[in-house]
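As provided, input.cif (mmCIF, C-alpha atoms; chains and numbers go by the auth columns) reads as follows.
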```cif
data_entry
#
loop_
_atom_site.group_PDB
_atom_site.id
_atom_site.type_symbol
_atom_site.label_atom_id
_atom_site.label_comp_id
_atom_site.label_asym_id
_atom_site.label_seq_id
_atom_site.Cartn_x
_atom_site.Cartn_y
_atom_site.Cartn_z
_atom_site.B_iso_or_equiv
_atom_site.auth_seq_id
_atom_site.auth_asym_id
ATOM 1 C CA MET A 1 18.824 63.501 149.808 0.00 1 A
ATOM 2 C CA ASN A 2 22.325 62.346 148.845 0.00 2 A
ATOM 3 C CA CYS A 3 23.266 59.034 147.252 0.00 3 A
ATOM 4 C CA PRO A 4 24.670 57.260 150.350 0.00 4 A
ATOM 5 C CA GLU A 5 21.479 57.946 152.294 0.00 5 A
ATOM 6 C CA ALA A 6 19.275 56.865 149.396 0.00 6 A
ATOM 7 C CA ARG A 7 21.233 53.638 148.910 0.00 7 A
ATOM 8 C CA GLU A 8 21.025 52.842 152.622 0.00 8 A
ATOM 9 C CA ARG A 9 17.237 53.187 152.488 0.00 9 A
ATOM 10 C CA ILE A 10 17.000 51.129 149.291 0.00 10 A
ATOM 11 C CA LEU A 11 19.030 48.314 150.809 0.00 11 A
ATOM 12 C CA SER A 12 16.887 48.406 153.948 0.00 12 A
ATOM 13 C CA SER A 13 13.680 48.469 151.849 0.00 13 A
ATOM 14 C CA SER A 14 12.700 51.866 153.273 0.00 14 A
ATOM 15 C CA ILE A 15 11.205 53.228 150.073 0.00 15 A
ATOM 16 C CA ASP A 16 9.327 56.469 150.588 0.00 16 A
ATOM 17 C CA ASP A 17 8.457 59.522 148.518 0.00 17 A
ATOM 18 C CA GLU A 18 11.833 61.117 149.195 0.00 18 A
ATOM 19 C CA VAL A 19 13.684 58.077 147.876 0.00 19 A
ATOM 20 C CA GLN A 20 11.384 57.912 144.832 0.00 20 A
ATOM 21 C CA ALA A 21 12.160 61.544 144.058 0.00 21 A
ATOM 22 C CA HIS A 22 15.884 60.832 144.283 0.00 22 A
ATOM 23 C CA LEU A 23 15.489 57.842 141.955 0.00 23 A
ATOM 24 C CA GLY A 24 14.012 60.171 139.370 0.00 24 A
ATOM 25 C CA GLU A 25 17.277 62.099 139.310 0.00 25 A
ATOM 26 C CA CYS A 26 20.118 59.631 139.959 0.00 26 A
ATOM 27 C CA GLU A 27 21.079 57.033 137.352 0.00 27 A
ATOM 28 C CA ALA A 28 23.388 55.089 139.670 0.00 28 A
ATOM 29 C CA CYS A 29 20.711 54.679 142.358 0.00 29 A
ATOM 30 C CA VAL A 30 18.158 53.619 139.742 0.00 30 A
ATOM 31 C CA GLU A 31 20.415 50.744 138.749 0.00 31 A
ATOM 32 C CA LEU A 32 20.804 49.722 142.396 0.00 32 A
ATOM 33 C CA TRP A 33 17.035 49.954 142.883 0.00 33 A
ATOM 34 C CA ALA A 34 16.405 47.734 139.857 0.00 34 A
ATOM 35 C CA ALA A 35 18.843 45.116 141.145 0.00 35 A
ATOM 36 C CA GLU A 36 17.289 45.222 144.613 0.00 36 A
ATOM 37 C CA GLY A 37 13.811 44.838 143.101 0.00 37 A
ATOM 38 C CA ARG A 38 14.791 41.657 141.317 0.00 38 A
ATOM 39 C CA LEU A 39 16.357 40.299 144.508 0.00 39 A
ATOM 40 C CA ALA A 40 13.277 41.221 146.550 0.00 40 A
ATOM 41 C CA ARG A 41 10.973 39.323 144.193 0.00 41 A
ATOM 42 C CA ALA A 42 13.273 36.286 144.222 0.00 42 A
ATOM 43 C CA LEU A 43 13.347 36.236 148.026 0.00 43 A
ATOM 44 C CA GLY A 44 9.602 36.758 148.165 0.00 44 A
ATOM 45 C CA THR A 45 9.012 33.440 146.401 0.00 45 A
ATOM 46 C CA VAL A 46 10.932 31.401 148.977 0.00 46 A
ATOM 47 C CA ALA A 47 10.678 33.173 152.314 0.00 47 A
ATOM 48 C CA GLU A 48 8.659 35.613 154.353 0.00 48 A
ATOM 49 C CA PRO A 49 10.668 38.160 156.322 0.00 49 A
ATOM 50 C CA ALA A 50 10.247 37.861 160.043 0.00 50 A
ATOM 51 C CA SER A 51 9.911 41.579 160.581 0.00 51 A
ATOM 52 C CA ASP A 52 7.950 44.229 158.736 0.00 52 A
ATOM 53 C CA PRO A 53 6.151 41.938 156.245 0.00 53 A
ATOM 54 C CA ASP A 54 4.021 44.836 155.055 0.00 54 A
ATOM 55 C CA GLY A 55 7.099 46.825 154.130 0.00 55 A
ATOM 56 C CA PHE A 56 8.551 43.891 152.222 0.00 56 A
ATOM 57 C CA ALA A 57 5.259 43.377 150.358 0.00 57 A
ATOM 58 C CA LYS A 58 5.145 47.067 149.477 0.00 58 A
ATOM 59 C CA VAL A 59 8.654 46.970 148.006 0.00 59 A
ATOM 60 C CA THR A 60 7.783 43.880 145.949 0.00 60 A
ATOM 61 C CA GLN A 61 4.535 45.437 144.721 0.00 61 A
ATOM 62 C CA ILE A 62 6.144 48.734 143.742 0.00 62 A
ATOM 63 C CA THR A 63 8.962 46.974 141.910 0.00 63 A
ATOM 64 C CA SER A 64 6.571 44.692 140.044 0.00 64 A
ATOM 65 C CA GLU A 65 4.434 47.645 138.983 0.00 65 A
ATOM 66 C CA GLN A 66 7.490 49.536 137.781 0.00 66 A
ATOM 67 C CA ASP A 67 8.791 46.559 135.820 0.00 67 A
ATOM 68 C CA ALA A 68 5.389 46.356 134.110 0.00 68 A
ATOM 69 C CA ASP A 69 5.495 50.028 133.228 0.00 69 A
ATOM 70 C CA ALA A 70 6.960 50.564 129.757 0.00 70 A
ATOM 71 C CA VAL A 71 7.799 54.195 130.480 0.00 71 A
ATOM 72 C CA TRP A 72 9.718 53.256 133.611 0.00 72 A
ATOM 73 C CA ARG A 73 11.650 50.637 131.660 0.00 73 A
ATOM 74 C CA LEU A 74 12.564 53.266 129.077 0.00 74 A
ATOM 75 C CA ARG A 75 13.737 55.715 131.706 0.00 75 A
ATOM 76 C CA SER A 76 15.716 53.079 133.608 0.00 76 A
ATOM 77 C CA MET A 77 17.874 52.267 130.595 0.00 77 A
ATOM 78 C CA PRO A 78 21.468 53.562 130.563 0.00 78 A
ATOM 79 C CA THR A 79 21.776 57.128 129.361 0.00 79 A
ATOM 80 C CA THR A 80 23.760 56.157 126.269 0.00 80 A
ATOM 81 C CA ARG A 81 20.964 53.877 125.118 0.00 81 A
ATOM 82 C CA ARG A 82 18.278 56.474 125.840 0.00 82 A
ATOM 83 C CA VAL A 83 20.212 59.072 123.835 0.00 83 A
ATOM 84 C CA ALA A 84 20.578 56.644 120.927 0.00 84 A
ATOM 85 C CA ILE A 85 16.834 55.926 120.897 0.00 85 A
ATOM 86 C CA GLY A 86 16.024 59.638 121.102 0.00 86 A
ATOM 87 C CA PHE A 87 18.358 60.397 118.212 0.00 87 A
ATOM 88 C CA CYS A 88 16.813 57.632 116.093 0.00 88 A
ATOM 89 C CA ALA A 89 13.338 59.014 116.845 0.00 89 A
ATOM 90 C CA ALA A 90 14.411 62.514 115.740 0.00 90 A
ATOM 91 C CA PHE A 91 16.085 61.105 112.621 0.00 91 A
ATOM 92 C CA LEU A 92 13.228 58.785 111.674 0.00 92 A
ATOM 93 C CA GLY A 93 11.243 61.554 109.960 0.00 93 A
ATOM 94 C CA ALA A 94 14.117 62.250 107.590 0.00 94 A
ATOM 95 C CA ILE A 95 14.334 58.573 106.629 0.00 95 A
ATOM 96 C CA VAL A 96 10.581 58.323 106.017 0.00 96 A
ATOM 97 C CA TYR A 97 10.465 61.521 103.962 0.00 97 A
ATOM 98 C CA PHE A 98 13.494 60.454 101.931 0.00 98 A
ATOM 99 C CA LEU A 99 12.065 57.031 101.123 0.00 99 A
ATOM 100 C CA ALA A 100 8.421 58.040 100.640 0.00 100 A
ATOM 101 C CA TRP A 101 8.435 61.726 99.590 0.00 101 A
ATOM 102 C CA ARG A 102 11.922 62.452 98.278 0.00 102 A
ATOM 103 C CA ARG A 103 12.380 65.908 96.796 0.00 103 A
ATOM 104 C CA PRO A 104 11.919 65.854 93.000 0.00 104 A
ATOM 105 C CA ASP A 105 15.074 67.895 92.370 0.00 105 A
ATOM 106 C CA TRP A 106 17.327 65.379 94.104 0.00 106 A
ATOM 107 C CA GLY A 107 19.233 64.642 90.918 0.00 107 A
ATOM 108 C CA VAL A 108 20.197 68.273 90.278 0.00 108 A
ATOM 109 C CA TYR A 109 20.679 69.524 93.859 0.00 109 A
ATOM 110 C CA PRO A 110 24.405 70.149 94.550 0.00 110 A
ATOM 111 C CA MET A 111 25.613 67.183 96.608 0.00 111 A
ATOM 112 C CA MET A 112 28.272 69.254 98.383 0.00 112 A
ATOM 113 C CA ARG A 113 25.596 71.620 99.700 0.00 113 A
ATOM 114 C CA MET A 114 23.327 68.708 100.577 0.00 114 A
ATOM 115 C CA SER A 115 26.110 66.921 102.463 0.00 115 A
ATOM 116 C CA PHE A 116 26.962 70.051 104.431 0.00 116 A
ATOM 117 C CA VAL A 117 23.354 70.631 105.490 0.00 117 A
ATOM 118 C CA VAL A 118 22.728 66.990 106.401 0.00 118 A
ATOM 119 C CA VAL A 119 25.897 66.680 108.489 0.00 119 A
ATOM 120 C CA ALA A 120 25.254 69.970 110.290 0.00 120 A
ATOM 121 C CA MET A 121 21.695 68.980 111.174 0.00 121 A
ATOM 122 C CA LEU A 122 22.681 65.471 112.238 0.00 122 A
ATOM 123 C CA ILE A 123 25.291 66.900 114.609 0.00 123 A
ATOM 124 C CA ALA A 124 22.872 69.492 115.961 0.00 124 A
ATOM 125 C CA THR A 125 20.127 66.899 116.459 0.00 125 A
ATOM 126 C CA GLY A 126 22.446 64.574 118.358 0.00 126 A
ATOM 127 C CA PHE A 127 23.771 67.485 120.395 0.00 127 A
ATOM 128 C CA GLY A 128 20.239 68.522 121.343 0.00 128 A
ATOM 129 C CA VAL A 129 19.211 65.004 122.340 0.00 129 A
ATOM 130 C CA VAL A 130 22.279 64.633 124.563 0.00 130 A
ATOM 131 C CA LEU A 131 21.571 67.964 126.259 0.00 131 A
ATOM 132 C CA SER A 132 17.928 67.003 126.798 0.00 132 A
ATOM 133 C CA MET A 133 18.988 64.027 128.946 0.00 133 A
ATOM 134 C CA PRO A 134 21.587 65.419 131.367 0.00 134 A
ATOM 135 C CA ARG A 135 23.309 63.073 133.791 0.00 135 A
ATOM 136 C CA SER A 136 22.070 64.257 137.175 0.00 136 A
ATOM 137 C CA TYR A 137 25.187 63.134 139.020 0.00 137 A
ATOM 138 C CA ARG A 138 27.284 65.561 136.957 0.00 138 A
ATOM 139 C CA PRO A 139 27.384 69.311 137.657 0.00 139 A
ATOM 140 C CA ALA A 140 24.982 71.312 135.490 0.00 140 A
ATOM 141 C CA HIS A 141 26.458 73.567 132.830 0.00 141 A
ATOM 142 C CA PRO A 142 26.542 77.273 133.760 0.00 142 A
ATOM 143 C CA PHE A 143 23.647 79.354 132.509 0.00 143 A
ATOM 144 C CA GLY A 144 25.776 81.129 129.910 0.00 144 A
ATOM 145 C CA VAL A 145 26.999 77.842 128.447 0.00 145 A
ATOM 146 C CA ARG A 146 23.486 76.424 128.197 0.00 146 A
ATOM 147 C CA LEU A 147 22.212 79.628 126.624 0.00 147 A
ATOM 148 C CA THR A 148 25.013 79.550 124.040 0.00 148 A
ATOM 149 C CA MET A 149 24.259 75.911 123.213 0.00 149 A
ATOM 150 C CA PHE A 150 20.576 76.702 122.893 0.00 150 A
ATOM 151 C CA ALA A 151 21.225 79.652 120.570 0.00 151 A
ATOM 152 C CA PHE A 152 23.518 77.489 118.438 0.00 152 A
ATOM 153 C CA LEU A 153 20.821 74.835 118.013 0.00 153 A
ATOM 154 C CA LEU A 154 18.214 77.472 117.154 0.00 154 A
ATOM 155 C CA ALA A 155 20.498 78.922 114.486 0.00 155 A
ATOM 156 C CA ILE A 156 21.293 75.661 112.671 0.00 156 A
ATOM 157 C CA PRO A 157 17.936 75.391 110.788 0.00 157 A
ATOM 158 C CA PHE A 158 18.476 78.889 109.371 0.00 158 A
ATOM 159 C CA VAL A 159 21.921 78.056 107.932 0.00 159 A
ATOM 160 C CA PRO A 160 20.584 76.846 104.528 0.00 160 A
ATOM 161 C CA ALA A 161 18.723 80.162 104.194 0.00 161 A
ATOM 162 C CA LEU A 162 21.974 82.112 104.487 0.00 162 A
ATOM 163 C CA PHE A 163 23.201 80.874 101.112 0.00 163 A
ATOM 164 C CA PRO A 164 21.871 81.779 97.665 0.00 164 A
ATOM 165 C CA ALA A 165 19.431 79.387 96.028 0.00 165 A
ATOM 166 C CA ALA A 166 21.168 76.043 95.480 0.00 166 A
ATOM 167 C CA HIS A 167 20.102 75.849 91.826 0.00 167 A
ATOM 168 C CA HIS A 168 17.477 76.891 89.288 0.00 168 A
ATOM 169 C CA ALA A 169 17.429 73.693 87.287 0.00 169 A
ATOM 170 C CA HIS A 170 14.056 72.301 88.326 0.00 170 A
ATOM 171 C CA GLU A 171 10.600 73.828 88.001 0.00 171 A
ATOM 172 C CA ALA A 172 9.511 72.544 91.435 0.00 172 A
ATOM 173 C CA SER A 173 12.324 74.483 93.118 0.00 173 A
ATOM 174 C CA GLN A 174 10.584 77.839 92.710 0.00 174 A
ATOM 175 C CA VAL A 175 7.828 79.179 94.954 0.00 175 A
ATOM 176 C CA ALA A 176 4.542 78.720 93.130 0.00 176 A
ATOM 177 C CA GLY A 177 1.962 81.217 94.347 0.00 177 A
ATOM 178 C CA SER A 178 1.999 82.588 97.875 0.00 178 A
ATOM 179 C CA LEU A 179 5.235 82.429 99.838 0.00 179 A
ATOM 180 C CA TRP A 180 3.300 82.282 103.098 0.00 180 A
ATOM 181 C CA LEU A 181 1.136 79.395 101.886 0.00 181 A
ATOM 182 C CA SER A 182 4.137 77.339 100.802 0.00 182 A
ATOM 183 C CA ALA A 183 5.904 78.097 104.093 0.00 183 A
ATOM 184 C CA THR A 184 2.805 77.072 106.068 0.00 184 A
ATOM 185 C CA LYS A 185 2.629 73.742 104.228 0.00 185 A
ATOM 186 C CA CYS A 186 6.247 72.991 105.045 0.00 186 A
ATOM 187 C CA PHE A 187 5.738 74.030 108.654 0.00 187 A
ATOM 188 C CA GLY A 188 2.872 71.537 108.887 0.00 188 A
ATOM 189 C CA LEU A 189 4.977 68.768 107.391 0.00 189 A
ATOM 190 C CA GLY A 190 7.779 69.640 109.788 0.00 190 A
ATOM 191 C CA THR A 191 5.411 69.406 112.743 0.00 191 A
ATOM 192 C CA LEU A 192 4.300 65.997 111.493 0.00 192 A
ATOM 193 C CA ALA A 193 7.905 64.827 111.786 0.00 193 A
ATOM 194 C CA ALA A 194 8.858 66.722 114.958 0.00 194 A
ATOM 195 C CA PHE A 195 5.956 66.026 117.312 0.00 195 A
ATOM 196 C CA PRO A 196 6.332 62.207 117.524 0.00 196 A
ATOM 197 C CA ALA A 197 10.076 62.624 118.103 0.00 197 A
ATOM 198 C CA LEU A 198 9.412 65.133 120.877 0.00 198 A
ATOM 199 C CA ILE A 199 7.036 62.695 122.606 0.00 199 A
ATOM 200 C CA VAL A 200 9.606 59.890 122.462 0.00 200 A
ATOM 201 C CA ILE A 201 12.379 62.102 123.835 0.00 201 A
ATOM 202 C CA ARG A 202 10.121 63.238 126.668 0.00 202 A
ATOM 203 C CA LEU A 203 9.292 59.623 127.568 0.00 203 A
ATOM 204 C CA LEU A 204 13.011 58.867 127.746 0.00 204 A
ATOM 205 C CA GLN A 205 13.744 61.687 130.200 0.00 205 A
ATOM 206 C CA ARG A 206 14.015 60.564 133.822 0.00 206 A
ATOM 207 C CA GLU A 207 12.742 63.797 135.348 0.00 207 A
ATOM 208 C CA HIS A 208 9.101 63.378 136.357 0.00 208 A
ATOM 209 C CA LYS A 209 8.798 67.136 136.680 0.00 209 A
ATOM 210 C CA ILE A 210 8.952 69.117 133.453 0.00 210 A
ATOM 211 C CA GLU A 211 12.149 71.152 133.745 0.00 211 A
ATOM 212 C CA LEU A 212 13.108 74.144 131.637 0.00 212 A
ATOM 213 C CA TRP A 213 16.402 73.288 129.954 0.00 213 A
ATOM 214 C CA PRO A 214 15.785 69.602 129.175 0.00 214 A
ATOM 215 C CA THR A 215 12.400 70.564 127.743 0.00 215 A
ATOM 216 C CA LEU A 216 13.859 73.359 125.601 0.00 216 A
ATOM 217 C CA PHE A 217 16.647 71.160 124.282 0.00 217 A
ATOM 218 C CA SER A 218 14.277 68.285 123.505 0.00 218 A
ATOM 219 C CA ALA A 219 11.942 70.631 121.594 0.00 219 A
ATOM 220 C CA VAL A 220 14.787 72.096 119.544 0.00 220 A
ATOM 221 C CA ALA A 221 16.326 68.664 118.883 0.00 221 A
ATOM 222 C CA ALA A 222 13.004 67.393 117.525 0.00 222 A
ATOM 223 C CA ALA A 223 12.602 70.536 115.400 0.00 223 A
ATOM 224 C CA VAL A 224 16.116 70.278 113.933 0.00 224 A
ATOM 225 C CA GLY A 225 15.429 66.633 113.089 0.00 225 A
ATOM 226 C CA ALA A 226 12.233 67.770 111.370 0.00 226 A
ATOM 227 C CA ASN A 227 14.257 70.334 109.381 0.00 227 A
ATOM 228 C CA LEU A 228 16.377 67.474 108.131 0.00 228 A
ATOM 229 C CA ALA A 229 13.187 65.694 107.077 0.00 229 A
ATOM 230 C CA LEU A 230 12.094 68.818 105.185 0.00 230 A
ATOM 231 C CA GLN A 231 15.513 68.979 103.532 0.00 231 A
ATOM 232 C CA MET A 232 14.833 65.480 102.204 0.00 232 A
ATOM 233 C CA HIS A 233 11.346 66.407 100.951 0.00 233 A
ATOM 234 C CA CYS A 234 10.952 70.074 100.038 0.00 234 A
ATOM 235 C CA PRO A 235 12.361 71.060 96.599 0.00 235 A
ATOM 236 C CA ILE A 236 11.965 74.816 97.108 0.00 236 A
ATOM 237 C CA VAL A 237 15.380 76.470 97.325 0.00 237 A
ATOM 238 C CA ASP A 238 14.253 80.064 97.913 0.00 238 A
ATOM 239 C CA PRO A 239 16.081 81.310 101.054 0.00 239 A
ATOM 240 C CA MET A 240 13.027 83.174 102.340 0.00 240 A
ATOM 241 C CA HIS A 241 10.882 80.053 102.074 0.00 241 A
ATOM 242 C CA ILE A 242 13.508 78.024 103.953 0.00 242 A
ATOM 243 C CA ALA A 243 13.706 80.636 106.712 0.00 243 A
ATOM 244 C CA LEU A 244 9.934 80.974 107.130 0.00 244 A
ATOM 245 C CA GLY A 245 8.780 77.403 106.546 0.00 245 A
ATOM 246 C CA HIS A 246 11.730 75.434 107.891 0.00 246 A
ATOM 247 C CA GLY A 247 13.820 77.525 110.256 0.00 247 A
ATOM 248 C CA THR A 248 10.954 78.952 112.302 0.00 248 A
ATOM 249 C CA LEU A 249 9.956 75.435 113.340 0.00 249 A
ATOM 250 C CA ALA A 250 12.719 75.364 115.967 0.00 250 A
ATOM 251 C CA VAL A 251 11.876 78.856 117.237 0.00 251 A
ATOM 252 C CA ILE A 252 8.168 78.139 117.614 0.00 252 A
ATOM 253 C CA TYR A 253 8.731 74.741 119.219 0.00 253 A
ATOM 254 C CA ALA A 254 11.129 76.335 121.700 0.00 254 A
ATOM 255 C CA ALA A 255 8.593 79.064 122.482 0.00 255 A
ATOM 256 C CA LEU A 256 5.829 76.509 123.023 0.00 256 A
ATOM 257 C CA ALA A 257 8.122 74.460 125.259 0.00 257 A
ATOM 258 C CA TRP A 258 8.845 77.535 127.371 0.00 258 A
ATOM 259 C CA ILE A 259 5.126 78.283 127.671 0.00 259 A
ATOM 260 C CA VAL A 260 4.407 74.702 128.770 0.00 260 A
ATOM 261 C CA VAL A 261 7.134 74.828 131.430 0.00 261 A
ATOM 262 C CA ARG A 262 5.825 78.127 132.778 0.00 262 A
ATOM 263 C CA ALA A 263 2.254 76.836 132.808 0.00 263 A
ATOM 264 C CA VAL A 264 3.206 73.657 134.673 0.00 264 A
ATOM 265 C CA ALA A 265 5.299 75.625 137.166 0.00 265 A
ATOM 266 C CA ARG A 266 2.217 77.597 138.184 0.00 266 A
#
```

Can you turn what I pasted into structure tokens?
Amino acid sequence: MNCPEARERILSSSIDDEVQAHLGECEACVELWAAEGRLARALGTVAEPASDPDGFAKVTQITSEQDADAVWRLRSMPTTRRVAIGFCAAFLGAIVYFLAWRRPDWGVYPMMRMSFVVVAMLIATGFGVVLSMPRSYRPAHPFGVRLTMFAFLLAIPFVPALFPAAHHAHEASQVAGSLWLSATKCFGLGTLAAFPALIVIRLLQREHKIELWPTLFSAVAAAVGANLALQMHCPIVDPMHIALGHGTLAVIYAALAWIVVRAVAR
């Protein structure tokens, strides 16, 4: 269904499953539908339509139910606002970890390195959130472009592991005991920050059906945001620890997202 046909049905109150499916994909028609819903309720308080009263009542009922639905209200917001909320959700973990569980070596960690990592992860997180909420009325990016973007986002969490240890000036910055145990602890803390962000981003997406690329980008965006939270909390500077306990978070979240999409598709 194209937009002109959908708008004609909305204006004539002919809301069926086909129109509802189109509303799940088209931001412009959602805004028209919301405006028509408010008008329908206003008219319903002063007049009864002479023809098709059942159809009018159905439109009013559906609109009222949607207005009462918090998820629908989230998804009906302009894309810019949804992206901003998704970014804040992904960034919230970093703020909480910084304020509540700040890394003990903060005073000796090189600020130039810290600034580089924080900026890179902020950009990657925002990039991932934007890609997770595509505007359906714009042409989709070619497969190669999306794959390149996805690979770029997956690589960002591993960037800190490419450099030598930032310093050796704090006792907490060394791996104490098992490398795998310390990496597992950080992975758990990263999941604690990433999972709530992933849920929020999913609630903001307008697609009722779980689609591959938005799901992959939302998973990676949440994981990169969680890596930023770990950067605020974890004092261990060993590159292997960062790769295993921090970087793999994005890879595993992306793999789980792919599995979920495949399972739902069946």

Suppose a student applies the PyMOL selection byres ((chain A and resi 110-112) around 12) to this structure; what residues should they get, written as an mmCIF file with C-alpha atoms, keeping the file's coordinate frame?
```cif
data_model
loop_
_atom_site.group_PDB
_atom_site.id
_atom_site.type_symbol
_atom_site.label_atom_id
_atom_site.label_comp_id
_atom_site.auth_asym_id
_atom_site.auth_seq_id
_atom_site.Cartn_x
_atom_site.Cartn_y
_atom_site.Cartn_z
ATOM 1 C CA ASP A 105 15.074 67.895 92.370
ATOM 2 C CA TRP A 106 17.327 65.379 94.104
ATOM 3 C CA GLY A 107 19.233 64.642 90.918
ATOM 4 C CA VAL A 108 20.197 68.273 90.278
ATOM 5 C CA TYR A 109 20.679 69.524 93.859
ATOM 6 C CA ARG A 113 25.596 71.620 99.700
ATOM 7 C CA MET A 114 23.327 68.708 100.577
ATOM 8 C CA SER A 115 26.110 66.921 102.463
ATOM 9 C CA PHE A 116 26.962 70.051 104.431
ATOM 10 C CA VAL A 117 23.354 70.631 105.490
ATOM 11 C CA VAL A 118 22.728 66.990 106.401
ATOM 12 C CA VAL A 119 25.897 66.680 108.489
ATOM 13 C CA ALA A 165 19.431 79.387 96.028
ATOM 14 C CA ALA A 166 21.168 76.043 95.480
ATOM 15 C CA HIS A 167 20.102 75.849 91.826
ATOM 16 C CA HIS A 168 17.477 76.891 89.288
ATOM 17 C CA ALA A 169 17.429 73.693 87.287
ATOM 18 C CA VAL A 237 15.380 76.470 97.325
#
```

Exercise. Mind telling me what the PyMOL selection byres ((chain A and resi 214) around 8) catches here, as a VMD selection string?
Worked result: chain A and resid 131 to 134 211 to 213 215 to 218

Filtering to C-alpha atoms, could you give me those residues as a short mmCIF file (atom, residue, chain, number, x, y, z; two decimals), in the frame of the given file?
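Writing done, so here's again.cif:
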```cif
data_model
loop_
_atom_site.label_atom_id
_atom_site.label_comp_id
_atom_site.auth_asym_id
_atom_site.auth_seq_id
_atom_site.Cartn_x
_atom_site.Cartn_y
_atom_site.Cartn_z
CA LEU A 131 21.57 67.96 126.26
CA SER A 132 17.93 67.00 126.80
CA MET A 133 18.99 64.03 128.95
CA PRO A 134 21.59 65.42 131.37
CA GLU A 211 12.15 71.15 133.74
CA LEU A 212 13.11 74.14 131.64
CA TRP A 213 16.40 73.29 129.95
CA THR A 215 12.40 70.56 127.74
CA LEU A 216 13.86 73.36 125.60
CA PHE A 217 16.65 71.16 124.28
CA SER A 218 14.28 68.28 123.50
#
```

Requested in this report: Go through the shown structure with the PyMOL selection byres ((chain A and resi 196) around 12) and write out the matching residues as a ChimeraX atom specification.
Outcome: /A:86,88-93,190-195,197-203,218-219,221-223,225-226

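Note that CA of Ala243 in chain A and CA of Phe98 in chain A are 20.7 Å apart.
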
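Reported to one decimal place, the separation of CA of Val261 in chain A from CA of Ala21 in chain A is 19.0 Å.
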
* Suppose you want the space between CA of Leu189 in chain A and CA of Gly177 in chain A; what is it in Å? ->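 Here the two named atoms are 18.3 Å from each other.
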
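With all atoms listed in the file as the basis for measurement, A:His246 is the residue among A:His246, A:Arg146, A:Arg135, A:His208 that approaches Thr184 in chain A most closely.
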
Pick from A:Leu228, A:Ile236, A:Thr79, A:Leu181, whichever lies nearest to Arg103 in chain A using all atoms listed in the file
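Comparing A:Leu228, A:Ile236, A:Thr79, A:Leu181 against Arg103 in chain A, the winner is A:Ile236.
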
Listed atoms of range 130-147 of chain A boxed along x, y and z, 3 Å each side, centre and edge lengths in Å, one decimal, as AutoDock Vina command-line options:
```
--center_x 22.7 --center_y 72.1 --center_z 131.8 --size_x 15.5 --size_y 24.1 --size_z 20.5
```
